[in-house]
file upload.cif (mmCIF, C-alpha atoms)
data_entry
#
loop_
_atom_site.group_PDB
_atom_site.id
_atom_site.type_symbol
_atom_site.label_atom_id
_atom_site.label_comp_id
_atom_site.auth_asym_id
_atom_site.auth_seq_id
_atom_site.Cartn_x
_atom_site.Cartn_y
_atom_site.Cartn_z
ATOM 1 C CA MET A 83 0.000 0.000 0.000
ATOM 2 C CA THR A 84 1.153 3.511 -0.734
ATOM 3 C CA ASP A 85 1.421 6.288 1.836
ATOM 4 C CA LEU A 86 -1.669 7.946 0.361
ATOM 5 C CA GLU A 87 -3.651 4.714 0.651
ATOM 6 C CA HIS A 88 -2.686 4.416 4.317
ATOM 7 C CA LEU A 89 -3.713 8.037 4.879
ATOM 8 C CA ILE A 90 -7.105 7.415 3.274
ATOM 9 C CA MET A 91 -7.817 4.368 5.418
ATOM 10 C CA LYS A 92 -6.691 6.113 8.599
ATOM 11 C CA PHE A 93 -8.771 9.161 7.705
ATOM 12 C CA GLU A 94 -11.861 7.001 7.085
ATOM 13 C CA ASP A 95 -11.448 5.498 10.543
ATOM 14 C CA ARG A 96 -11.360 8.830 12.349
ATOM 15 C CA TRP A 97 -13.154 11.440 10.212
ATOM 16 C CA TRP A 98 -16.289 11.459 12.379
ATOM 17 C CA ARG A 99 -14.263 12.896 15.273
ATOM 18 C CA LEU A 100 -13.272 15.954 13.253
ATOM 19 C CA ALA A 101 -15.100 19.256 13.456
ATOM 20 C CA GLY A 102 -16.957 20.335 10.341
ATOM 21 C CA SER A 103 -18.019 18.361 7.319
ATOM 22 C CA LYS A 104 -16.275 15.279 6.016
ATOM 23 C CA GLU A 105 -15.938 16.823 2.561
ATOM 24 C CA SER A 106 -14.111 19.859 3.965
ATOM 25 C CA ALA A 107 -11.802 17.626 5.966
ATOM 26 C CA ILE A 108 -11.026 15.558 2.857
ATOM 27 C CA CYS A 109 -10.005 18.687 0.970
ATOM 28 C CA ASP A 110 -8.007 20.124 3.881
ATOM 29 C CA GLU A 111 -6.210 17.017 5.093
ATOM 30 C CA LEU A 112 -5.802 14.926 1.955
ATOM 31 C CA ASP A 113 -5.688 17.703 -0.644
ATOM 32 C CA MET A 114 -8.107 15.949 -2.998
ATOM 33 C CA SER A 115 -11.705 16.289 -4.046
ATOM 34 C CA PRO A 116 -14.332 14.269 -2.190
ATOM 35 C CA THR A 117 -15.237 12.552 -5.476
ATOM 36 C CA ARG A 118 -11.673 11.301 -5.941
ATOM 37 C CA TYR A 119 -11.503 10.261 -2.282
ATOM 38 C CA TYR A 120 -14.616 8.093 -2.583
ATOM 39 C CA GLN A 121 -13.368 6.557 -5.833
ATOM 40 C CA LEU A 122 -10.094 5.554 -4.195
ATOM 41 C CA LEU A 123 -11.854 4.376 -1.036
ATOM 42 C CA GLN A 124 -14.107 2.081 -3.042
ATOM 43 C CA GLN A 125 -11.097 0.613 -4.861
ATOM 44 C CA LEU A 126 -9.241 0.104 -1.590
ATOM 45 C CA ALA A 127 -12.179 -1.682 0.027
ATOM 46 C CA GLN A 128 -12.057 -4.340 -2.687
ATOM 47 C CA ARG A 129 -8.384 -5.227 -2.222
ATOM 48 C CA GLU A 130 -7.248 -8.167 -0.118
ATOM 49 C CA ASP A 131 -4.017 -6.488 1.041
ATOM 50 C CA VAL A 132 -6.083 -3.631 2.468
ATOM 51 C CA LEU A 133 -8.355 -6.146 4.212
ATOM 52 C CA ALA A 134 -5.301 -7.737 5.818
ATOM 53 C CA THR A 135 -3.964 -4.376 7.019
ATOM 54 C CA TYR A 136 -7.254 -2.694 7.997
ATOM 55 C CA PRO A 137 -9.728 -5.539 8.602
ATOM 56 C CA VAL A 138 -12.337 -3.662 10.647
ATOM 57 C CA GLN A 139 -12.523 -0.622 8.375
ATOM 58 C CA THR A 140 -12.475 -2.712 5.199
ATOM 59 C CA LYS A 141 -15.276 -5.012 6.363
ATOM 60 C CA ARG A 142 -17.355 -1.994 7.398
ATOM 61 C CA LEU A 143 -16.808 -0.378 3.999
ATOM 62 C CA ARG A 144 -17.687 -3.588 2.175
ATOM 63 C CA ARG A 145 -20.928 -3.923 4.145
ATOM 64 C CA ARG A 146 -21.831 -0.326 3.436
ATOM 65 C CA MET A 147 -21.100 -0.693 -0.288
ATOM 66 C CA SER A 148 -23.054 -3.945 -0.587
ATOM 67 C CA ARG A 149 -26.301 -2.319 0.531
ATOM 68 C CA THR A 150 -28.728 -1.657 -2.265
ATOM 69 C CA PRO A 151 -29.316 2.083 -2.582
ATOM 70 C CA ALA A 152 -32.864 3.355 -2.495
ATOM 71 C CA ARG A 153 -34.316 3.798 -5.961
ATOM 72 C CA PRO A 154 -35.110 7.413 -6.791
ATOM 73 C CA ARG A 155 -38.741 8.161 -7.435
ATOM 74 C CA VAL A 156 -39.535 9.504 -10.875
ATOM 75 C CA GLY A 157 -42.579 11.593 -11.666
ATOM 76 C CA THR A 158 -45.335 12.641 -9.332
ATOM 77 C CA PRO A 159 -47.146 10.462 -6.849
ATOM 78 C CA ASN A 160 -50.509 9.074 -7.796
ATOM 79 C CA LEU A 161 -52.992 10.812 -5.474
ATOM 80 C CA ASP A 162 -56.160 9.086 -6.750
#

call {"tool": "encode", "arguments": {"input": "upload.cif", "output": "C-alpha cells"}}
result
Amino acid sequence: MTDLEHLIMKFEDRWWRLAGSKESAICDELDMSPTRYYQLLQQLAQREDVLATYPVQTKRLRRRMSRTPARPRVGTPNLD
C-alpha cells in the first residue's frame, strides 16, 4: 500500500471525530476532491491487502457498499 492509501484508510477510521463536514476535511487534510476520495476508497475496500492491514474498516466499507441504494422516485405520486 502507498502512503496515500494508508492516509485514506486512517482518515476514514477517524473522520467522524473531526469538526466540520467530512468533505471539507477531505479537501483540507488529503488535498483531494471528495469525489476522488470516494473513488479511491471504493477501490481500496475491494483489495485483499487492504483487508489484511485494515480488517475492521475494510469489512465496514464492504458492508456499506453492498447495501442496495434506495431507488429514486420519478414523476409525481398518484394521489387518486

call {"tool": "resolve_selection", "arguments": {"input": "upload.cif", "expression": "the PyMOL selection byres ((chain A and resi 90) around 10)", "output": "short mmCIF file (atom, residue, chain, number, x, y, z; two decimals) with C-alpha atoms, in the frame of the given file"}}
result
data_model
loop_
_atom_site.label_atom_id
_atom_site.label_comp_id
_atom_site.auth_asym_id
_atom_site.auth_seq_id
_atom_site.Cartn_x
_atom_site.Cartn_y
_atom_site.Cartn_z
CA THR A 84 1.15 3.51 -0.73
CA ASP A 85 1.42 6.29 1.84
CA LEU A 86 -1.67 7.95 0.36
CA GLU A 87 -3.65 4.71 0.65
CA HIS A 88 -2.69 4.42 4.32
CA LEU A 89 -3.71 8.04 4.88
CA MET A 91 -7.82 4.37 5.42
CA LYS A 92 -6.69 6.11 8.60
CA PHE A 93 -8.77 9.16 7.70
CA GLU A 94 -11.86 7.00 7.08
CA ASP A 95 -11.45 5.50 10.54
CA ILE A 108 -11.03 15.56 2.86
CA GLU A 111 -6.21 17.02 5.09
CA LEU A 112 -5.80 14.93 1.96
CA TYR A 119 -11.50 10.26 -2.28
CA TYR A 120 -14.62 8.09 -2.58
CA LEU A 122 -10.09 5.55 -4.20
CA LEU A 123 -11.85 4.38 -1.04
CA LEU A 126 -9.24 0.10 -1.59
#

call {"tool": "atom_distance", "arguments": {"input": "upload.cif", "atom1": "CA of Pro137 in chain A", "atom2": "CA of Arg99 in chain A"}}
result
20.1 Å

call {"tool": "residues_around", "arguments": {"input": "upload.cif", "residues": "Met83 in chain A", "least_positions_apart": "6", "cutoff": "10 Å", "atoms": "all atoms listed in the file", "output": "PyMOL selection string"}}
result
chain A and resi 126+131-132+135

call {"tool": "atom_distance", "arguments": {"input": "upload.cif", "atom1": "CA of Lys104 in chain A", "atom2": "CA of Met147 in chain A"}}
result
17.8 Å

call {"tool": "atom_distance", "arguments": {"input": "upload.cif", "atom1": "CA of Leu100 in chain A", "atom2": "CA of Glu130 in chain A"}}
result
28.2 Å

call {"tool": "residues_around", "arguments": {"input": "upload.cif", "residues": "Gln128 in chain A", "least_positions_apart": "6", "cutoff": "12 Å", "atoms": "all atoms listed in the file", "output": "PyMOL selection string"}}
result
chain A and resi 121-122+134+136-137+139-145+147-148

call {"tool": "axis_aligned_box", "arguments": {"input": "upload.cif", "around": "range 110-119 of chain A", "padding_each_side": "8 Å", "output": "AutoDock Vina command-line options"}}
result
--center_x -10.5 --center_y 15.2 --center_z -0.4 --size_x 25.5 --size_y 25.9 --size_z 27.0
